[in-house]
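**Q** Quick one: the structure is below, questions incoming.
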Amino acid sequence: MNNNPDNDAPPRLQNSGENPPPHNPSRRQSGWWIIGLAVLMLFCLIGYGLIQMMGQISGSFRPPEPGVEKYQEIQMRQGNNVARIVVIRIEGVISSYSFDGSGQSMVTRVRDQLKLAALDDTVRAVLLKVDSPGGEVMASNEIHQLIEKFTADTGHPVICSMAGLAASGGYYVAAPCEFIVANELTITGSIGVIMQTVNIHGLLEKIGARPYTITSGKNKDSLSSFKDPAEIEADNDEELYRELITFYFDRFKNIVKEGRKASQEFNKTKADKGRPLAADWAKLADGRVLTGVKAHEKGFVDKLGNFDVAVRETERIIGLSKNETAYLIRYAAPFDLSGLLRFFVKTEPPNLKVDLGIKVPRLDPGRPYYLSPVFYK
């Protein structure tokens, strides 16, 4: 007779004296271990970033600036190992600032890569790959001078391959190259200088705010954002800055003229002598952008083609036969963890931001730029 009140329940097993099966940890518990480890690593990274930030403030923990020995050589294509071509990329806005906190700006990285190329006896040429709308006047000029110095010191040519955009300052750094290759669809030209500010005097009047400015001379607050436009016209402020812009513009045009003249002189004994500047080239130096086809027609570039065409032209210029291929390399910049972590820590003081309802180009007031207007479209 069954005395179990629950007739449906399964019969209980008696203890046989055997050990119970081992307990397997659940997947959920394993997941918590992974999350805990990830949180620990994140705190370690943040701690390292704080140490680096403190070091930049006090100078006691700041690591030394990365040298050329910390760059890594990357093979892009195999070929003749005693006929190397170094590819250096100039991409984005040309600036003397460091955007990643490492202290390595575009200017310093181009300088380091050219220095590495000069130290390598197997390097025969440098191929500059430009994809830039332009940038700062000073930064563009420094890169221009670095390219000229490399050619003068080593005797090796620098060839330029223009990508989608090589305008304004992008063309400025390409001008000293011995040969320039552009795609038919490349946007180039934009030979000119821009300096701008935003005048908010009328806005301040509407909200009842009145600025007071004390200067040592009447021209110290020229083109100030708070100055009444009527005072700007009366003090002839615009003419003062127009003289400055004219100086930079004349220098830009001379860079183009001398660069293209030197290119013709370099290629006069070569199979492809390149394209001379057209007689009316200066009329196109009014800030307008040009297609690769138009730039080739007017002599701003020597040949139409993509990056592969630029490689073949470089091989031709250094004397390789059609059956030979050069060894292509590039230098990878050293990775700086503190530069990455700075994006997790906000150190800048709070800024007052006023939304005017219009899209204003992000240019520093009072700083001249070689920058293409198509960058803002």
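The way I read the labels, and the way they are meant: chains A, B, ... in the order of the structure tokens, residue 1 as the first residue of every chain, and ligand 1 as the first ligand shown, with later ones counted on from there.
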Show me, as a ChimeraX atom specification, the residues that have an atom within 10 Å of Lys298 in chain A when counting only C-alpha atoms, minus same-chain residues fewer than 5 positions from it.

**A** /A:275-281,284,290,292-293

**Q** From a DSSP pass on the backbone, collect the residues of range 107-285 of chain A flagged as alpha helix (DSSP H) and hand them back as a ChimeraX atom specification.

**A** /A:107-119,137-154,169-174,201-206,229-234,237-266

**Q** Excluding range 104-115 of chain A and any residue of its chain fewer than 5 positions from it, enumerate the residues within 7 Å of it, using only C-alpha atoms, and give them as a PyMOL selection string.

**A** chain A and resi 68+94-98+139+142-143+146+150+331

**Q** List the neighbours of Gly169 in chain A out to 7 Å using only C-alpha atoms; skip same-chain residues closer than 4 positions along the sequence, and give me the result as an mmCIF file with N, CA and C atoms, in the first residue's frame.

**A**
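This is the output file part26.cif:
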```
data_model
loop_
_atom_site.group_PDB
_atom_site.id
_atom_site.type_symbol
_atom_site.label_atom_id
_atom_site.label_comp_id
_atom_site.auth_asym_id
_atom_site.auth_seq_id
_atom_site.Cartn_x
_atom_site.Cartn_y
_atom_site.Cartn_z
ATOM 1 N N PRO A 133 42.429 69.179 -48.067
ATOM 2 C CA PRO A 133 41.831 70.428 -48.532
ATOM 3 C C PRO A 133 42.709 71.632 -48.256
ATOM 4 N N GLY A 134 43.844 71.427 -47.589
ATOM 5 C CA GLY A 134 44.715 72.535 -47.231
ATOM 6 C C GLY A 134 44.817 72.647 -45.728
ATOM 7 N N GLY A 135 45.166 73.817 -45.251
ATOM 8 C CA GLY A 135 45.305 74.004 -43.815
ATOM 9 C C GLY A 135 46.059 75.268 -43.493
ATOM 10 N N SER A 140 51.794 74.333 -43.831
ATOM 11 C CA SER A 140 51.985 74.023 -45.252
ATOM 12 C C SER A 140 53.370 74.441 -45.715
ATOM 13 N N VAL A 173 51.945 71.956 -50.821
ATOM 14 C CA VAL A 173 52.961 70.951 -50.461
ATOM 15 C C VAL A 173 53.326 70.084 -51.660
ATOM 16 N N TYR A 370 45.631 78.199 -45.875
ATOM 17 C CA TYR A 370 45.499 77.717 -47.243
ATOM 18 C C TYR A 370 44.455 76.602 -47.166
ATOM 19 N N LEU A 371 43.215 76.925 -47.422
ATOM 20 C CA LEU A 371 42.162 75.941 -47.220
ATOM 21 C C LEU A 371 41.124 76.072 -48.316
#
```

**Q** Env of Gln264 in chain A: 9 Å cut, atoms = only C-alpha atoms, seq-sep filter 2 positions within chain, self excluded. Answer as a ChimeraX atom specification.

**A** /A:178-179,259-262,266-268,273-276

**Q** For a quick check of understanding, using only C-alpha atoms, which of A:Ser321, A:Ala333, A:Met162, A:Ser263 has the smallest distance to Lys70 in chain A?

**A**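 For Lys70 in chain A, the nearest of the candidates is A:Ala333.
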
**Q** With DSSP run on the backbone, what are the strand (DSSP E or B) residues within range 285-318 of chain A? I'd like them as JSON, numbers by chain.

**A** {"A": [289, 290, 291, 303, 304]}

**Q** Which residue out of A:Ile187, A:Ile318, A:Ile34, A:Cys160 has the minimum interatomic distance to Ile147 in chain A when only C-alpha atoms are used?

**A**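 Looking only at the distances to Ile147 in chain A, the closest residue turns out to be A:Cys160.
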
**Q** At a cut-off of 10 Å, using only C-alpha atoms, what residues contact Val193 in chain A? Leave out same-chain residues fewer than 2 positions from it and give the result as a list in words.

**A**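 Surrounding residues, per the criterion: Gly135, Glu136, Val137, Ser168, Gly169, Ser190, Ile191, Met195, Leu244, Ile245, Thr246, Phe247, Tyr248, Phe249, Asp250, Phe252, Asp286, Gly287, Pro368, Tyr369, Tyr370, Leu371 and Ser372 of chain A.
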
**Q** Report, in Å with one decimal, the straight-line distance from CA of Ser161 in chain A to CA of Ala310 in chain A.

**A** 5.8 Å

**Q** To one decimal place in Å, what is the distance between CA of Val158 in chain A and CA of Pro176 in chain A?

**A**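 Taking CA of Val158 in chain A and CA of Pro176 in chain A, their separation equals 8.1 Å.
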
**Q** Tell me, in Å to one decimal, how far CA of Asp272 in chain A is from CA of Ile159 in chain A.

**A**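 Going from CA of Asp272 in chain A over to CA of Ile159 in chain A covers 13.5 Å.
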